[in-house]
$ cat final.csv   # CSV, C-alpha atoms and all ligand atoms
chain,number,residue,atom,x,y,z
B,1,MET,CA,-13.6,2.7,47.3
B,2,PRO,CA,-11.5,2.1,50.4
B,3,LYS,CA,-7.9,1.1,49.6
B,4,ALA,CA,-7.3,-0.9,52.8
B,5,ARG,CA,-8.4,-4.4,53.4
B,6,LEU,CA,-11.0,-4.5,56.1
B,7,ILE,CA,-10.3,-6.8,59.0
B,8,ASP,CA,-13.6,-8.4,60.0
B,9,GLY,CA,-13.4,-8.8,63.7
B,10,LYS,CA,-16.9,-10.3,63.9
B,11,LEU,CA,-16.1,-13.1,61.5
B,12,ALA,CA,-12.8,-13.8,63.2
B,13,ALA,CA,-14.5,-13.8,66.6
B,14,GLU,CA,-17.1,-16.3,65.4
B,15,GLU,CA,-14.2,-18.6,64.4
B,16,ILE,CA,-12.6,-18.4,67.8
B,17,ARG,CA,-16.0,-18.8,69.6
B,18,GLY,CA,-16.5,-22.0,67.5
B,19,GLN,CA,-13.2,-23.3,68.8
B,20,THR,CA,-14.2,-22.4,72.4
B,21,ALA,CA,-17.5,-24.3,71.9
B,22,ALA,CA,-15.6,-27.4,70.7
B,23,ALA,CA,-13.2,-27.0,73.7
B,24,ALA,CA,-16.2,-26.8,76.1
B,25,GLN,CA,-17.7,-30.0,74.7
B,26,ARG,CA,-14.4,-31.8,75.3
B,27,ILE,CA,-14.0,-30.4,78.8
B,28,LEU,CA,-17.6,-31.5,79.6
B,29,ALA,CA,-16.9,-35.0,78.3
B,30,GLU,CA,-13.6,-35.3,80.1
B,31,ARG,CA,-14.4,-33.9,83.5
B,32,GLY,CA,-18.2,-34.1,83.7
B,33,PHE,CA,-18.9,-30.4,83.8
B,34,PRO,CA,-18.4,-27.5,81.4
B,35,PRO,CA,-16.1,-24.5,81.8
B,36,GLY,CA,-17.7,-21.9,84.1
B,37,LEU,CA,-17.5,-18.2,83.8
B,38,ALA,CA,-18.7,-15.7,86.5
B,39,VAL,CA,-19.1,-12.1,85.4
B,40,ILE,CA,-19.6,-9.4,88.0
B,41,ILE,CA,-20.9,-5.9,87.4
B,42,LEU,CA,-21.6,-3.0,89.8
B,43,GLY,CA,-24.1,-0.3,88.9
B,44,GLU,CA,-26.3,0.6,86.0
B,45,HIS,CA,-23.9,2.0,83.4
B,46,ALA,CA,-25.7,1.2,80.2
B,47,ALA,CA,-22.7,0.5,77.9
B,48,SER,CA,-21.0,-1.7,80.6
B,49,ARG,CA,-24.3,-3.6,81.1
B,50,ALA,CA,-24.5,-4.2,77.4
B,51,TYR,CA,-20.9,-5.6,77.4
B,52,VAL,CA,-21.6,-7.9,80.3
B,53,ARG,CA,-24.8,-9.2,78.7
B,54,THR,CA,-22.9,-10.0,75.5
B,55,LYS,CA,-20.2,-11.8,77.5
B,56,THR,CA,-22.7,-14.0,79.5
B,57,ARG,CA,-24.8,-14.7,76.4
B,58,MET,CA,-21.8,-15.7,74.3
B,59,ALA,CA,-20.5,-17.9,77.2
B,60,ALA,CA,-23.8,-19.7,77.4
B,61,ALA,CA,-24.1,-20.1,73.6
B,62,ALA,CA,-20.6,-21.7,73.6
B,63,GLY,CA,-21.8,-24.3,76.2
B,64,PHE,CA,-20.2,-22.8,79.2
B,65,LEU,CA,-21.8,-22.5,82.7
B,66,SER,CA,-22.4,-18.7,82.6
B,67,ARG,CA,-23.2,-16.8,85.8
B,68,GLN,CA,-23.8,-13.0,86.0
B,69,PHE,CA,-23.8,-11.1,89.3
B,70,ASP,CA,-25.5,-7.7,89.1
B,71,LEU,CA,-24.6,-5.7,92.2
B,72,PRO,CA,-25.8,-2.3,93.1
B,73,ARG,CA,-23.4,0.7,92.6
B,74,GLU,CA,-23.3,1.2,96.4
B,75,THR,CA,-21.7,-2.3,97.0
B,76,SER,CA,-18.8,-1.9,99.4
B,77,GLU,CA,-15.3,-3.2,98.6
B,78,SER,CA,-15.5,-5.8,101.3
B,79,GLU,CA,-18.9,-7.1,100.0
B,80,LEU,CA,-17.3,-7.4,96.5
B,81,LEU,CA,-14.2,-9.1,97.9
B,82,ALA,CA,-16.3,-11.6,99.8
B,83,LEU,CA,-18.2,-12.6,96.6
B,84,ILE,CA,-14.8,-13.0,94.7
B,85,ASP,CA,-13.5,-15.1,97.6
B,86,LYS,CA,-16.6,-17.3,97.4
B,87,LEU,CA,-16.2,-17.7,93.6
B,88,ASN,CA,-12.4,-18.4,94.0
B,89,ARG,CA,-13.5,-21.4,96.1
B,90,THR,CA,-16.4,-22.5,93.8
B,91,PRO,CA,-15.2,-25.6,91.9
B,92,GLU,CA,-17.6,-25.1,88.9
B,93,ILE,CA,-16.3,-21.6,88.3
B,94,ASP,CA,-13.1,-21.5,86.2
B,95,GLY,CA,-13.0,-17.9,85.3
B,96,ILE,CA,-14.0,-14.7,87.2
B,97,MET,CA,-14.2,-11.2,85.6
B,98,VAL,CA,-15.2,-8.0,87.2
B,99,GLN,CA,-16.4,-5.3,84.7
B,100,LEU,CA,-14.3,-2.1,85.0
B,101,HIS,CA,-14.7,0.8,85.7
B,102,LEU,CA,-15.6,0.4,89.4
B,103,PRO,CA,-17.3,3.0,91.6
B,104,PRO,CA,-15.0,5.2,93.8
B,105,GLN,CA,-15.5,3.3,97.1
B,106,VAL,CA,-14.0,0.1,95.5
B,107,ARG,CA,-10.2,0.0,94.8
B,108,THR,CA,-9.7,-1.6,91.4
B,109,ALA,CA,-6.2,-2.9,92.3
B,110,ALA,CA,-7.6,-4.6,95.4
B,111,VAL,CA,-10.3,-6.3,93.3
B,112,ILE,CA,-7.8,-7.4,90.6
B,113,GLU,CA,-5.5,-8.9,93.2
B,114,ALA,CA,-8.3,-10.7,95.0
B,115,ILE,CA,-9.1,-12.9,92.0
B,116,ALA,CA,-7.2,-16.2,92.2
B,117,PRO,CA,-4.6,-16.0,89.4
B,118,GLU,CA,-5.7,-19.4,88.0
B,119,LYS,CA,-9.2,-17.9,87.6
B,120,ASP,CA,-8.1,-14.5,86.4
B,121,VAL,CA,-9.4,-14.8,82.8
B,122,ASP,CA,-9.0,-11.1,82.1
B,123,GLY,CA,-5.3,-11.5,82.7
B,124,PHE,CA,-5.0,-8.4,84.9
B,125,HIS,CA,-3.5,-10.0,88.1
B,126,ALA,CA,0.2,-9.2,88.7
B,127,VAL,CA,1.0,-13.0,88.5
B,128,ASN,CA,-0.4,-13.2,85.0
B,129,GLY,CA,1.3,-9.9,84.0
B,130,GLY,CA,4.5,-11.3,85.4
B,131,ARG,CA,4.1,-14.5,83.4
B,132,LEU,CA,3.6,-12.5,80.2
B,133,LEU,CA,6.7,-10.4,81.0
B,134,ALA,CA,8.7,-13.6,81.6
B,135,ALA,CA,7.7,-15.3,78.4
B,136,SER,CA,10.7,-15.7,76.0
B,137,PRO,CA,10.5,-14.6,72.4
B,138,GLY,CA,8.4,-17.0,70.4
B,139,GLN,CA,6.9,-18.6,73.6
B,140,GLN,CA,3.4,-18.2,74.8
B,141,SER,CA,2.8,-16.9,78.3
B,142,ALA,CA,2.2,-19.6,80.9
B,143,GLY,CA,-0.5,-17.4,82.4
B,144,PHE,CA,-3.6,-15.6,81.0
B,145,VAL,CA,-3.0,-12.8,78.5
B,146,PRO,CA,-5.4,-9.9,78.6
B,147,CYS,CA,-8.2,-10.5,76.1
B,148,THR,CA,-8.0,-7.4,73.9
B,149,PRO,CA,-4.3,-7.6,73.1
B,150,TRP,CA,-4.5,-11.3,72.6
B,151,GLY,CA,-7.3,-10.8,70.1
B,152,CYS,CA,-5.1,-8.2,68.3
B,153,GLN,CA,-2.2,-10.7,68.2
B,154,MET,CA,-4.4,-13.4,66.6
B,155,LEU,CA,-5.6,-10.9,63.9
B,156,LEU,CA,-2.0,-9.8,63.2
B,157,ARG,CA,-0.8,-13.4,62.9
B,158,ARG,CA,-3.4,-14.0,60.3
B,159,GLU,CA,-2.7,-10.8,58.3
B,160,LEU,CA,1.1,-11.2,58.3
B,161,ARG,CA,3.3,-14.0,57.1
B,162,ASN,CA,5.8,-13.2,59.8
B,163,LEU,CA,5.8,-10.5,62.4
B,164,ALA,CA,9.5,-10.7,63.1
B,165,GLY,CA,11.4,-7.5,62.5
B,166,ARG,CA,8.3,-5.3,61.9
B,167,GLU,CA,8.2,-1.9,63.3
B,168,ALA,CA,5.3,-1.8,65.7
B,169,VAL,CA,3.9,1.3,67.4
B,170,VAL,CA,1.4,1.0,70.2
B,171,VAL,CA,-0.3,4.3,71.3
B,172,GLY,CA,-1.5,4.0,74.9
B,173,ARG,CA,0.2,2.2,77.8
B,174,SER,CA,-2.7,1.0,80.0
B,175,ASN,CA,-2.2,-2.3,81.9
B,176,ILE,CA,-5.3,-3.6,80.1
B,177,VAL,CA,-4.3,-2.9,76.5
B,178,GLY,CA,-1.2,-1.0,75.6
B,179,LYS,CA,1.5,-2.6,77.9
B,180,PRO,CA,0.5,-6.2,77.3
B,181,MET,CA,0.1,-5.5,73.6
B,182,ALA,CA,3.7,-4.2,73.5
B,183,LEU,CA,5.0,-7.3,75.3
B,184,LEU,CA,3.1,-9.6,72.9
B,185,LEU,CA,4.6,-7.8,69.9
B,186,LEU,CA,8.1,-7.9,71.5
B,187,ASN,CA,7.6,-11.7,71.9
B,188,GLU,CA,6.7,-11.8,68.2
B,189,ASN,CA,10.2,-10.2,67.6
B,190,CYS,CA,8.8,-6.9,66.4
B,191,THR,CA,10.7,-3.7,67.2
B,192,VAL,CA,8.3,-2.0,69.5
B,193,THR,CA,7.6,1.6,70.4
B,194,LEU,CA,5.1,2.2,73.3
B,195,ALA,CA,3.8,5.7,72.9
B,196,HIS,CA,1.8,7.7,75.5
B,197,SER,CA,0.7,11.2,76.4
B,198,HIS,CA,4.3,12.4,76.9
B,199,THR,CA,5.6,11.1,73.6
B,200,ARG,CA,7.1,13.7,71.4
B,201,GLU,CA,6.5,14.0,67.7
B,202,LEU,CA,3.8,11.3,67.9
B,203,ALA,CA,2.7,11.6,64.3
B,204,SER,CA,6.2,10.9,63.0
B,205,VAL,CA,6.6,8.0,65.5
B,206,CYS,CA,3.4,6.5,64.1
B,207,ARG,CA,4.5,7.0,60.5
B,208,ARG,CA,7.3,4.5,61.2
B,209,ALA,CA,4.9,1.7,62.0
B,210,ASP,CA,4.3,-1.4,59.9
B,211,ILE,CA,1.9,-2.3,62.7
B,212,LEU,CA,0.0,0.5,64.4
B,213,VAL,CA,-2.2,-0.2,67.4
B,214,ALA,CA,-4.3,2.7,68.8
B,215,ALA,CA,-5.6,2.4,72.4
B,216,VAL,CA,-6.0,6.0,73.5
B,217,GLY,CA,-9.6,6.5,74.3
B,218,ARG,CA,-9.9,9.7,72.2
B,219,PRO,CA,-12.2,9.8,69.2
B,220,GLU,CA,-10.4,9.8,65.8
B,221,PHE,CA,-7.2,10.8,67.5
B,222,VAL,CA,-4.8,9.1,65.1
B,223,ARG,CA,-5.1,10.9,61.8
B,224,GLY,CA,-4.7,9.4,58.3
B,225,ASP,CA,-1.4,11.1,57.6
B,226,TRP,CA,0.1,9.4,60.7
B,227,VAL,CA,-0.4,6.0,58.9
B,228,LYS,CA,2.5,4.6,56.9
B,229,GLN,CA,1.4,3.5,53.4
B,230,GLY,CA,0.4,-0.2,53.6
B,231,ALA,CA,0.5,-0.4,57.4
B,232,ILE,CA,-1.7,-2.7,59.4
B,233,VAL,CA,-3.9,-0.5,61.7
B,234,LEU,CA,-5.7,-2.0,64.7
B,235,ASP,CA,-8.1,0.4,66.3
B,236,VAL,CA,-8.9,-0.6,69.9
B,237,GLY,CA,-10.7,2.6,70.8
B,238,ILE,CA,-14.4,2.6,71.5
B,239,ASN,CA,-15.7,6.2,71.8
B,240,ARG,CA,-19.4,7.3,71.9
B,241,ILE,CA,-19.8,10.6,70.2
B,242,ALA,CA,-22.9,12.7,69.4
B,243,GLY,CA,-24.3,11.9,65.9
B,244,GLU,CA,-26.8,13.6,63.8
B,245,GLY,CA,-30.3,14.5,65.1
B,246,GLY,CA,-29.5,13.8,68.8
B,247,THR,CA,-28.3,10.2,68.1
B,248,SER,CA,-25.0,8.8,69.3
B,249,GLN,CA,-22.4,7.0,67.3
B,250,LEU,CA,-19.4,4.7,68.1
B,251,VAL,CA,-16.0,5.7,66.6
B,252,GLY,CA,-12.5,4.4,67.2
B,253,ASP,CA,-9.3,6.1,68.1
B,254,VAL,CA,-8.3,6.3,64.4
B,255,ALA,CA,-9.8,8.6,61.9
B,256,PHE,CA,-11.1,5.7,59.8
B,257,ALA,CA,-12.1,7.5,56.6
B,258,GLU,CA,-8.6,9.0,56.3
B,259,ALA,CA,-6.6,6.0,57.5
B,260,VAL,CA,-8.4,3.6,55.2
B,261,GLU,CA,-6.8,5.5,52.2
B,262,ARG,CA,-3.3,4.7,53.4
B,263,ALA,CA,-3.4,1.5,55.4
B,264,GLY,CA,-2.9,-1.9,53.9
B,265,ALA,CA,-5.4,-3.4,56.4
B,266,ILE,CA,-7.5,-1.8,59.1
B,267,THR,CA,-10.1,-2.8,61.7
B,268,PRO,CA,-13.4,-1.0,61.7
B,269,VAL,CA,-15.2,0.3,64.9
B,270,PRO,CA,-17.5,-1.3,65.7
B,271,GLY,CA,-17.0,-4.8,64.4
B,272,GLY,CA,-13.2,-4.9,64.8
B,273,ILE,CA,-11.3,-5.6,68.0
B,274,GLY,CA,-14.4,-5.5,70.3
B,275,PRO,CA,-15.8,-8.9,69.2
B,276,MET,CA,-12.4,-10.5,69.4
B,277,THR,CA,-12.1,-9.3,73.1
B,278,VAL,CA,-15.2,-11.3,74.0
B,279,ALA,CA,-14.1,-14.4,72.1
B,280,CYS,CA,-10.7,-14.3,73.9
B,281,LEU,CA,-12.4,-14.1,77.3
B,282,LEU,CA,-14.1,-17.4,76.4
B,283,ALA,CA,-10.8,-18.9,75.1
B,284,ASN,CA,-9.1,-17.9,78.4
B,285,THR,CA,-11.9,-19.5,80.4
B,286,ALA,CA,-11.6,-22.7,78.4
B,287,LEU,CA,-7.8,-22.6,79.1
B,288,ALA,CA,-8.5,-22.0,82.8
B,289,ALA,CA,-10.8,-25.0,82.9
B,290,CYS,CA,-8.2,-27.3,81.3
B,291,ARG,CA,-5.4,-26.0,83.5
B,292,ARG,CA,-7.4,-26.4,86.7
B,293,SER,CA,-8.5,-30.0,85.7
B,294,SER,CA,-5.1,-31.0,84.2
B,295,LEU,CA,-6.6,-31.6,80.8
B,296,GLU,CA,-4.8,-31.1,77.5
B,297,LEU,CA,-4.8,-27.4,76.6
B,298,PRO,CA,-6.7,-26.3,73.5
B,299,ALA,CA,-5.0,-24.1,70.9
B,300,PHE,CA,-6.8,-21.1,69.6
B,301,ALA,CA,-5.8,-19.5,66.3
B,302,LEU,CA,-7.4,-18.0,63.2
B,303,ALA,CA,-7.1,-20.1,60.0
B,304,PRO,CA,-5.1,-18.3,57.3
B,305,HIS,CA,-7.0,-16.4,54.7
B,306,ALA,CA,-7.8,-18.5,51.6
B,307,ASP,CA,-5.5,-16.3,49.5
B,308,GLY,CA,-2.7,-16.6,52.1
B,309,PRO,CA,-1.2,-14.0,54.4
B,310,TRP,CA,-1.6,-10.5,53.2
B,311,ALA,CA,2.1,-9.5,53.4
C,1,LIG,P1,-6.7,4.3,79.3
C,1,LIG,O1,-7.4,5.6,79.5
C,1,LIG,O2,-6.4,3.4,80.5
C,1,LIG,O3,-5.3,4.6,78.6
C,1,LIG,C1,-5.2,5.5,77.6
C,1,LIG,C2,-3.8,5.6,77.1
C,1,LIG,O4,-3.7,6.6,76.1
C,1,LIG,C3,-2.8,6.1,78.2
C,1,LIG,O5,-1.6,5.4,78.3
C,1,LIG,C4,-2.5,7.6,77.8
C,1,LIG,O6,-1.2,8.0,78.1
C,1,LIG,C5,-2.7,7.5,76.3
C,1,LIG,N1,-3.0,8.8,75.8
C,1,LIG,C6,-4.0,9.7,76.2
C,1,LIG,N2,-3.9,10.8,75.5
C,1,LIG,C7,-2.8,10.7,74.7
C,1,LIG,C8,-2.2,11.6,73.8
C,1,LIG,N3,-2.7,12.9,73.6
C,1,LIG,N4,-1.1,11.2,73.1
C,1,LIG,C9,-0.7,9.9,73.3
C,1,LIG,N5,-1.2,9.1,74.2
C,1,LIG,C10,-2.3,9.5,74.9
C,1,LIG,O7,-7.5,3.5,78.2
C,1,LIG,P2,-7.6,1.9,77.9
C,1,LIG,O8,-6.2,1.4,77.4
C,1,LIG,O9,-8.3,1.2,78.9
C,1,LIG,O10,-8.5,2.0,76.6
C,1,LIG,C11,-8.2,2.7,75.4
C,1,LIG,C12,-9.4,2.7,74.5
C,1,LIG,O11,-9.6,1.3,74.1
C,1,LIG,C13,-10.7,3.2,75.0
C,1,LIG,O12,-11.4,3.9,74.0
C,1,LIG,C14,-11.4,2.0,75.5
C,1,LIG,O13,-12.8,2.2,75.5
C,1,LIG,C15,-11.0,1.0,74.4
C,1,LIG,N6,-11.0,-0.4,74.8
C,1,LIG,C16,-11.6,-1.2,73.9
C,1,LIG,C17,-11.6,-2.6,74.2
C,1,LIG,C18,-12.2,-3.5,73.1
C,1,LIG,O14,-12.6,-4.6,73.4
C,1,LIG,N7,-12.2,-3.0,71.9
C,1,LIG,C19,-11.1,-3.1,75.4
C,1,LIG,C20,-10.5,-2.1,76.3
C,1,LIG,C21,-10.5,-0.8,76.0
C,1,LIG,P3,-0.7,8.3,79.6
C,1,LIG,O15,-0.4,6.9,80.2
C,1,LIG,O16,0.6,9.0,79.4
C,1,LIG,O17,-1.8,9.0,80.4

$ encode --input "final.csv" --output "structure tokens" --more "lines below"
Ligand code: NDP
Amino acid sequence: MPKARLIDGKLAAEEIRGQTAAAAQRILAERGFPPGLAVIILGEHAASRAYVRTKTRMAAAAGFLSRQFDLPRETSESELLALIDKLNRTPEIDGIMVQLHLPPQVRTAAVIEAIAPEKDVDGFHAVNGGRLLAASPGQQSAGFVPCTPWGCQMLLRRELRNLAGREAVVVGRSNIVGKPMALLLLNENCTVTLAHSHTRELASVCRRADILVAAVGRPEFVRGDWVKQGAIVLDVGINRIAGEGGTSQLVGDVAFAEAVERAGAITPVPGGIGPMTVACLLANTALAACRRSSLELPAFALAPHADGPWA
């Protein structure tokens, strides 16, 4: 019998998607057309294709205009930039996302910088990064927050009565997950440690954490005895490993079977952070639509648990 409470990311994401669908209806009523999301993918990578299909399907299901651009892997950087430029100038499109990772002939930084900041619903553009950096404690960013850390923040706000003063350790410092996660936790008044591959004594650093976020990209890297008793563990990692009989299996960056014995609450993989990432992409697109059309901004948040915050 697992000791930790399981954080159901699927159920939480359904709640946020419901809020985005309500926002889409209001946006349609108020400006005459729904929020529009354009998703671009290069190449045939099966897992990336599956993510993109989920994003476009969920966007359509929430009442958004949802457009998917499937480009060949050989697409040149200038062809991709031309498409982004066109979408930047398309009024019905509020949000543009390009599925990473990109083939070697295309510079990721050039692509991210080409997306108009007001349509950058992934929150990767330097302008949106800067807005997150500039947000004061307790304030929301005036830009777009990257979807995965935003989803983590929503889950934490529901689990904890108050994040202020908690020891938070984030393992991984990518621009997509780790760095913005650390900034969000800092704005929640946590005491934040951002760990990476040069961090010394990582296990004992992790053991300090009331909130432990793993975004490393290594299967079951964070062991159970790195987890403080009662900590909240958010496992961002998605790793495909070989399973039994030639099958493959998804596992996180945390050794779940071990960590579940010590954590107070933990996200599973799959069914934890992944669904929240997609829901937050839709939420950012609804925000983009409202900002671009000067409509009242919707608020997205998870309702508290019926039995109150966990700690
Ligand atoms: P990156 O590869 O960009 O970053 C990995 C980070 O982990 C780096 O900062 C790296 O440190 C650090 N790291 C690597 N090895 C170690 C080590 N031995 N000790 C400590 N730190 C280490 O990955 P992402 O941030 O893009 O993704 C992380 C994971 O999250 C992946 O599994 C990815 O698939 C998943 N992911 C899941 C999402 C979701 O929706 N659930 C969304 C995005 C990502 P350094 O900087 O020093 O190299």

$ closest_residue --input "final.csv" --among "B:Gly224, B:Pro149, B:Pro270, B:Gly172" --to "Ala203 of chain B" --atoms "all atoms listed in the file"
B:Gly224

$ residues_near_point --input "final.csv" --point "(-15.8, -11.8, 86.7)" --cutoff "6 Å" --atoms "only C-alpha atoms" --output "number ranges by chain"
B: 38-40, 96-98

$ atom_distance --input "final.csv" --atom1 "atom CA of Glu201 of chain B" --atom2 "atom N4 of ligand LIG 1 (chain C)"
9.7 Å

$ residues_near_ligand --input "final.csv" --ligand "ligand LIG 1 (chain C)" --cutoff "6 Å" --atoms "all atoms listed in the file" --output "PyMOL selection string"
chain B and resi 148+171-174+176-178+196-198+215-217+236-239+273-274+277

$ residues_around --input "final.csv" --residues "Ala109 of chain B" --least-positions-apart "5" --cutoff "10 Å" --atoms "all atoms listed in the file" --output "PDB file with C-alpha atoms, in the coordinates of the input"
ATOM      1  CA  ALA B 114      -8.300 -10.700  95.000  1.00  0.00           C
ATOM      2  CA  PHE B 124      -5.000  -8.400  84.900  1.00  0.00           C
ATOM      3  CA  HIS B 125      -3.500 -10.000  88.100  1.00  0.00           C
ATOM      4  CA  ALA B 126       0.200  -9.200  88.700  1.00  0.00           C
TER       5      ALA B 126
END

$ closest_residue --input "final.csv" --among "B:Arg107, B:Lys119, B:Arg166, B:Arg57" --to "Gly95 of chain B" --atoms "only C-alpha atoms"
B:Lys119

$ closest_residue --input "final.csv" --among "B:Lys10, B:Lys228, B:Arg53, B:Arg161" --to "Pro268 of chain B" --atoms "all atoms listed in the file"
B:Lys10

$ atom_distance --input "final.csv" --atom1 "atom CA of Ser48 of chain B" --atom2 "atom CA of Gly63 of chain B"
23.0 Å

$ closest_residue --input "final.csv" --among "B:Thr247, B:Thr191, B:Gln105, B:Thr75" --to "Ala164 of chain B" --atoms "all atoms listed in the file"
B:Thr191

$ atom_distance --input "final.csv" --atom1 "atom CA of Gly123 of chain B" --atom2 "atom CA of Leu71 of chain B"
22.3 Å

$ residues_around --input "final.csv" --residues "segment 284-296 of chain B" --least-positions-apart "2" --cutoff "7 Å" --atoms "only C-alpha atoms" --output "PyMOL selection string"
chain B and resi 20+23-24+35+37+94-95+118-119+121+144+280-282+298

$ residues_around --input "final.csv" --residues "Pro304 of chain B" --least-positions-apart "5" --cutoff "12 Å" --atoms "all atoms listed in the file" --output "JSON list (two decimals) with C-alpha atoms, in the coordinates of the input"
[["chain", "number", "residue", "atom", "x", "y", "z"],
["B", 12, "ALA", "CA", -12.80, -13.80, 63.20],
["B", 15, "GLU", "CA", -14.20, -18.60, 64.40],
["B", 154, "MET", "CA", -4.40, -13.40, 66.60],
["B", 155, "LEU", "CA", -5.60, -10.90, 63.90],
["B", 156, "LEU", "CA", -2.00, -9.80, 63.20],
["B", 157, "ARG", "CA", -0.80, -13.40, 62.90],
["B", 158, "ARG", "CA", -3.40, -14.00, 60.30],
["B", 159, "GLU", "CA", -2.70, -10.80, 58.30],
["B", 160, "LEU", "CA", 1.10, -11.20, 58.30],
["B", 161, "ARG", "CA", 3.30, -14.00, 57.10],
["B", 309, "PRO", "CA", -1.20, -14.00, 54.40],
["B", 310, "TRP", "CA", -1.60, -10.50, 53.20]]

$ closest_residue --input "final.csv" --among "B:Leu234, B:Ile112, B:Leu81, B:Ala29" --to "Met276 of chain B" --atoms "all atoms listed in the file"
B:Leu234

$ build_atoms --input "final.csv" --residues "segment 197-203 of chain B" --atoms "all heavy atoms" --output "mmCIF file, in the frame of the given file"
data_model
loop_
_atom_site.group_PDB
_atom_site.id
_atom_site.type_symbol
_atom_site.label_atom_id
_atom_site.label_comp_id
_atom_site.auth_asym_id
_atom_site.auth_seq_id
_atom_site.Cartn_x
_atom_site.Cartn_y
_atom_site.Cartn_z
ATOM 1 N N SER B 197 1.061 9.809 76.461
ATOM 2 C CA SER B 197 0.700 11.200 76.400
ATOM 3 C C SER B 197 1.981 12.137 76.450
ATOM 4 O O SER B 197 1.882 13.324 76.160
ATOM 5 C CB SER B 197 -0.261 11.624 77.456
ATOM 6 O OG SER B 197 0.317 11.482 78.734
ATOM 7 N N HIS B 198 3.118 11.583 76.841
ATOM 8 C CA HIS B 198 4.300 12.400 76.900
ATOM 9 C C HIS B 198 5.222 12.187 75.664
ATOM 10 O O HIS B 198 6.313 12.772 75.578
ATOM 11 C CB HIS B 198 5.145 12.088 78.156
ATOM 12 C CG HIS B 198 4.404 12.393 79.417
ATOM 13 N ND1 HIS B 198 4.550 13.579 80.102
ATOM 14 C CD2 HIS B 198 3.482 11.688 80.095
ATOM 15 C CE1 HIS B 198 3.751 13.577 81.158
ATOM 16 N NE2 HIS B 198 3.091 12.425 81.175
ATOM 17 N N THR B 199 4.802 11.342 74.753
ATOM 18 C CA THR B 199 5.600 11.100 73.600
ATOM 19 C C THR B 199 5.715 12.301 72.690
ATOM 20 O O THR B 199 4.701 12.946 72.402
ATOM 21 C CB THR B 199 4.978 9.885 72.774
ATOM 22 O OG1 THR B 199 4.937 8.751 73.623
ATOM 23 C CG2 THR B 199 5.760 9.569 71.512
ATOM 24 N N ARG B 200 6.930 12.586 72.266
ATOM 25 C CA ARG B 200 7.100 13.700 71.400
ATOM 26 C C ARG B 200 6.973 13.316 69.936
ATOM 27 O O ARG B 200 7.301 12.183 69.599
ATOM 28 C CB ARG B 200 8.532 14.319 71.578
ATOM 29 C CG ARG B 200 8.699 14.964 72.918
ATOM 30 C CD ARG B 200 10.036 15.677 72.968
ATOM 31 N NE ARG B 200 10.344 15.953 74.365
ATOM 32 C CZ ARG B 200 11.563 16.091 74.841
ATOM 33 N NH1 ARG B 200 12.599 15.983 74.038
ATOM 34 N NH2 ARG B 200 11.752 16.346 76.115
ATOM 35 N N GLU B 201 6.552 14.218 69.102
ATOM 36 C CA GLU B 201 6.500 14.000 67.700
ATOM 37 C C GLU B 201 5.688 12.677 67.377
ATOM 38 O O GLU B 201 6.147 11.807 66.631
ATOM 39 C CB GLU B 201 7.866 13.864 67.024
ATOM 40 C CG GLU B 201 8.793 15.009 67.337
ATOM 41 C CD GLU B 201 8.394 16.304 66.627
ATOM 42 O OE1 GLU B 201 7.562 16.248 65.708
ATOM 43 O OE2 GLU B 201 8.889 17.362 67.032
ATOM 44 N N LEU B 202 4.539 12.536 68.022
ATOM 45 C CA LEU B 202 3.800 11.300 67.900
ATOM 46 C C LEU B 202 3.431 10.928 66.479
ATOM 47 O O LEU B 202 3.511 9.760 66.077
ATOM 48 C CB LEU B 202 2.505 11.380 68.779
ATOM 49 C CG LEU B 202 1.649 10.128 68.848
ATOM 50 C CD1 LEU B 202 2.437 8.933 69.376
ATOM 51 C CD2 LEU B 202 0.428 10.356 69.721
ATOM 52 N N ALA B 203 3.068 11.940 65.689
ATOM 53 C CA ALA B 203 2.700 11.600 64.300
ATOM 54 C C ALA B 203 3.834 10.980 63.549
ATOM 55 O O ALA B 203 3.637 9.979 62.850
ATOM 56 C CB ALA B 203 2.264 12.934 63.596
#
